[in-house]
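Worksheet for the structure shown next.
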Amino acid sequence: MAILEVKNVKKIYTTRFGGNKVQALTNVCFSMEQGEYVSIMGESGSGKTTLLNILAALDKPTSGQIILDGKELNAIKESEIAKFRRDNLGFVFQDFNLLDTFSVMDNIFLPLVLSGKRFNEMNKKLKPIAQKLGISDLLKKYPYEISGGQKQRVAVARALITNPKLILADEPTGALDSKSTDELLKLFSELNHDKQTILMVTHSVKAASRTNRVLFIRDGEVFHQIYRGNSSDEQLYQKISDTLTMLTTSENISRGGIR
């Protein structure tokens, strides 16, 4: 069953004084099944961030449809969109987006607090997540007292606490060292093994090689994809690297960069 459907999505920005139009997304089409783990790759300016913002209901497409668990995002009233986002989506960002004046526990609780949940209910949800992520001993600390890898685990806990239909991860390994990156990617694989649906935007071939499908976006549309199939992480890594090399070469040739 498709949990996410992206149909013919186009996004055109108009400059401040209306003089120029920039087409960020041309005709994006793809779907995700329940429990899939998908990555999106592409050069800077290819439309990845714009697409992620639209999927996160932070922006609206100029045309096309985004359907999450049978609900069309464009049809949701502006007054209800924040609640829909909290109830259905979890977010993991490159820079963690944690509040230094809040404890780790309070940072994780924030989406539930905004939803009006009681402390006992929140605490019941937190205990198994904190134990699974190995952060039970960090709950009373503050973000400035813990490492980058630990911060990202806290961010993942915050994303999971609402039991989201879909986790959107934006360059989640971008601010992590090699060891913390390995730990986070292992964690994401474990979450996906437990049927959590994850969509990750990344520049990292290593991160993408842990997913089950890789979408490549260029000039505002998805133009190629790789399925894991029976490939190991190492084999998928090589396939992604070869594809990126081929795409970069063809792009340079089309622009006259190679003669």
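Every chain in the structure tokens has a letter given in the order shown (A, B, ...), and although residue numbers restart at 1 in each chain, ligands are simply numbered from 1 in the order shown.
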Per residue of range 75-185 of chain A within 10 Å of range 50-56 of chain A, record the nearest atom pair and its distance in Å to one decimal, counting only C-alpha atoms, with rows in chain order and ascending residue number, as a Markdown table.
```
| residue | atom | partner | partner_atom | distance |
| --- | --- | --- | --- | --- |
| A:Ile81 | CA | A:Ala56 | CA | 10.0 |
| A:Arg85 | CA | A:Ala56 | CA | 7.1 |
| A:Asn88 | CA | A:Ala56 | CA | 9.8 |
| A:Leu89 | CA | A:Ala56 | CA | 7.3 |
| A:Gly90 | CA | A:Ala56 | CA | 9.0 |
| A:Phe91 | CA | A:Ala56 | CA | 8.5 |
| A:Leu166 | CA | A:Ala56 | CA | 9.8 |
| A:Ile167 | CA | A:Ala56 | CA | 9.6 |
| A:Leu168 | CA | A:Ala56 | CA | 7.5 |
| A:Ala169 | CA | A:Leu52 | CA | 8.9 |
| A:Asp170 | CA | A:Leu52 | CA | 7.9 |
```
Selection to disk with N, CA and C atoms, as a PDB file, in the first residue's frame:
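The result, stored in out_16.pdb:
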```pdb
ATOM      1  N   ILE A  81      -2.989  22.554   9.377  1.00  0.00           N
ATOM      2  CA  ILE A  81      -1.788  21.953   8.795  1.00  0.00           C
ATOM      3  C   ILE A  81      -0.723  21.640   9.846  1.00  0.00           C
ATOM      4  N   ARG A  85       0.846  17.978  10.532  1.00  0.00           N
ATOM      5  CA  ARG A  85       2.282  17.760  10.461  1.00  0.00           C
ATOM      6  C   ARG A  85       2.773  17.047  11.735  1.00  0.00           C
ATOM      7  N   ASN A  88       1.470  13.284  11.849  1.00  0.00           N
ATOM      8  CA  ASN A  88       1.781  12.347  10.777  1.00  0.00           C
ATOM      9  C   ASN A  88       3.238  12.304  10.338  1.00  0.00           C
ATOM     10  N   LEU A  89       3.998  13.348  10.644  1.00  0.00           N
ATOM     11  CA  LEU A  89       5.359  13.447  10.144  1.00  0.00           C
ATOM     12  C   LEU A  89       6.358  13.585  11.290  1.00  0.00           C
ATOM     13  N   GLY A  90       7.508  12.952  11.133  1.00  0.00           N
ATOM     14  CA  GLY A  90       8.625  13.148  12.049  1.00  0.00           C
ATOM     15  C   GLY A  90       9.781  13.736  11.277  1.00  0.00           C
ATOM     16  N   PHE A  91      10.568  14.609  11.913  1.00  0.00           N
ATOM     17  CA  PHE A  91      11.632  15.318  11.209  1.00  0.00           C
ATOM     18  C   PHE A  91      12.980  15.105  11.888  1.00  0.00           C
ATOM     19  N   LEU A 166       5.458   8.898   8.511  1.00  0.00           N
ATOM     20  CA  LEU A 166       6.646   9.062   7.676  1.00  0.00           C
ATOM     21  C   LEU A 166       7.675   9.918   8.395  1.00  0.00           C
ATOM     22  N   ILE A 167       8.927   9.472   8.382  1.00  0.00           N
ATOM     23  CA  ILE A 167      10.026  10.303   8.882  1.00  0.00           C
ATOM     24  C   ILE A 167      10.727  10.924   7.686  1.00  0.00           C
ATOM     25  N   LEU A 168      10.882  12.247   7.730  1.00  0.00           N
ATOM     26  CA  LEU A 168      11.628  12.986   6.714  1.00  0.00           C
ATOM     27  C   LEU A 168      12.963  13.385   7.320  1.00  0.00           C
ATOM     28  N   ALA A 169      14.046  12.921   6.721  1.00  0.00           N
ATOM     29  CA  ALA A 169      15.389  13.207   7.239  1.00  0.00           C
ATOM     30  C   ALA A 169      16.145  14.055   6.215  1.00  0.00           C
ATOM     31  N   ASP A 170      16.595  15.225   6.641  1.00  0.00           N
ATOM     32  CA  ASP A 170      17.285  16.157   5.754  1.00  0.00           C
ATOM     33  C   ASP A 170      18.773  16.169   6.086  1.00  0.00           C
TER      34      ASP A 170
END
```
Next item on the list: Enumerate the residues of range 72-182 of chain A with a DSSP assignment of alpha helix (DSSP H), computed from the backbone, and present them as a ChimeraX atom specification.
Entry: /A:81-88,104-114,119-133,148-160,178-182
Kindly assemble as a tab-separated table a list of the range 37-69 of chain A residues that lie within 10 Å of range 6-28 of chain A, each paired with its nearest atom pair and their distance in Å to one decimal, using only C-alpha atoms, sorted first by chain and then by ascending residue number.
```
residue	atom	partner	partner_atom	distance
A:Gly45	CA	A:Ala24	CA	8.0
A:Ser46	CA	A:Ala24	CA	7.5
A:Gly47	CA	A:Ala24	CA	5.5
A:Lys48	CA	A:Leu25	CA	8.8
A:Thr49	CA	A:Ala24	CA	9.5
A:Thr50	CA	A:Ala24	CA	6.9
A:Leu51	CA	A:Leu25	CA	7.4
A:Ile54	CA	A:Lys11	CA	9.1
A:Leu55	CA	A:Val6	CA	8.6
A:Asp59	CA	A:Lys11	CA	9.5
A:Lys60	CA	A:Lys11	CA	8.0
A:Pro61	CA	A:Lys11	CA	5.0
A:Thr62	CA	A:Lys11	CA	4.7
A:Ser63	CA	A:Lys10	CA	5.3
A:Gly64	CA	A:Val9	CA	4.1
A:Gln65	CA	A:Lys7	CA	5.1
A:Ile66	CA	A:Val6	CA	4.8
A:Ile67	CA	A:Val6	CA	6.6
A:Leu68	CA	A:Val6	CA	8.8
```
Spatial neighbours of range 119-136 of chain A, 12 Å, only C-alpha atoms, chain gap at least 3 places, as a ChimeraX atom specification
/A:104-116,139-141,146-147,149-163,183-184,186-188,190-191,194
Which distance in Å separates CA of Gln225 in chain A and CA of Ile240 in chain A, to one decimal?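 These two atoms are separated by 9.5 Å.
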For this session: Considering only C-alpha atoms, return as a ChimeraX atom specification whatever protein or nucleic-acid residues lie within 9 Å of Leu185 in chain A, sequence-local ones (same chain, fewer than 4 positions apart) excluded.
Result: /A:173,180-181,189-190,207,210
For the selection you just gave me, I'd like the residues written to a file as a compact mmCIF listing (two decimals), in the first residue's frame, keeping all heavy atoms.
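Printed below is again_10.txt as written:
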```txt
# COMPACT_ATOMS: atom_id res chain seq x y z
N THR A 173 23.20 12.97 8.42
CA THR A 173 24.59 12.65 8.80
C THR A 173 25.54 13.81 8.52
O THR A 173 26.74 13.70 8.79
CB THR A 173 25.10 11.41 8.04
OG1 THR A 173 25.13 11.69 6.63
CG2 THR A 173 24.19 10.22 8.28
N SER A 180 29.76 8.46 14.52
CA SER A 180 28.37 8.82 14.79
C SER A 180 27.49 8.57 13.57
O SER A 180 26.33 8.18 13.69
CB SER A 180 28.27 10.29 15.21
OG SER A 180 28.96 10.51 16.42
N THR A 181 28.07 8.78 12.37
CA THR A 181 27.34 8.49 11.14
C THR A 181 26.98 7.02 11.05
O THR A 181 25.83 6.66 10.76
CB THR A 181 28.18 8.90 9.91
OG1 THR A 181 28.28 10.33 9.87
CG2 THR A 181 27.53 8.42 8.62
N SER A 189 18.40 1.86 9.97
CA SER A 189 18.12 0.54 9.41
C SER A 189 17.28 -0.29 10.39
O SER A 189 16.36 -1.02 9.98
CB SER A 189 19.42 -0.19 9.09
OG SER A 189 20.11 0.45 8.04
N GLU A 190 17.58 -0.18 11.67
CA GLU A 190 16.81 -0.91 12.68
C GLU A 190 15.37 -0.40 12.75
O GLU A 190 14.43 -1.19 12.86
CB GLU A 190 17.48 -0.76 14.05
CG GLU A 190 18.81 -1.50 14.17
CD GLU A 190 19.57 -1.17 15.44
OE1 GLU A 190 19.11 -0.27 16.18
OE2 GLU A 190 20.60 -1.81 15.70
N ALA A 207 25.40 7.06 3.13
CA ALA A 207 24.07 7.05 3.72
C ALA A 207 23.05 6.45 2.75
O ALA A 207 22.21 5.63 3.14
CB ALA A 207 23.67 8.48 4.11
N ARG A 210 22.63 2.64 2.38
CA ARG A 210 21.95 1.88 3.43
C ARG A 210 20.44 1.80 3.19
O ARG A 210 19.74 1.07 3.90
CB ARG A 210 22.19 2.53 4.80
CG ARG A 210 23.66 2.64 5.18
CD ARG A 210 24.32 1.29 5.39
NE ARG A 210 25.70 1.44 5.82
CZ ARG A 210 26.08 1.53 7.08
NH1 ARG A 210 25.19 1.49 8.05
NH2 ARG A 210 27.36 1.68 7.38
```
(Q) Which residues are near Lys195 in chain A? Cut-off 8 Å, only C-alpha atoms, ignore same chain within fewer than 4 positions. Put them as a VMD selection string. (A) chain A and resid 34 to 36 191
Selection: 8 Å around Phe216 in chain A, only C-alpha atoms, excl. self and same-chain fewer than 3 positions, as JSON, numbers by chain: {"A": [40, 41, 42, 222, 223, 224, 225]}
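For the residues A:Val214, A:Leu244, A:Val92, A:Val38, ranking by smallest atom-to-atom distance to Pro172 in chain A using only C-alpha atoms places A:Val92 first.
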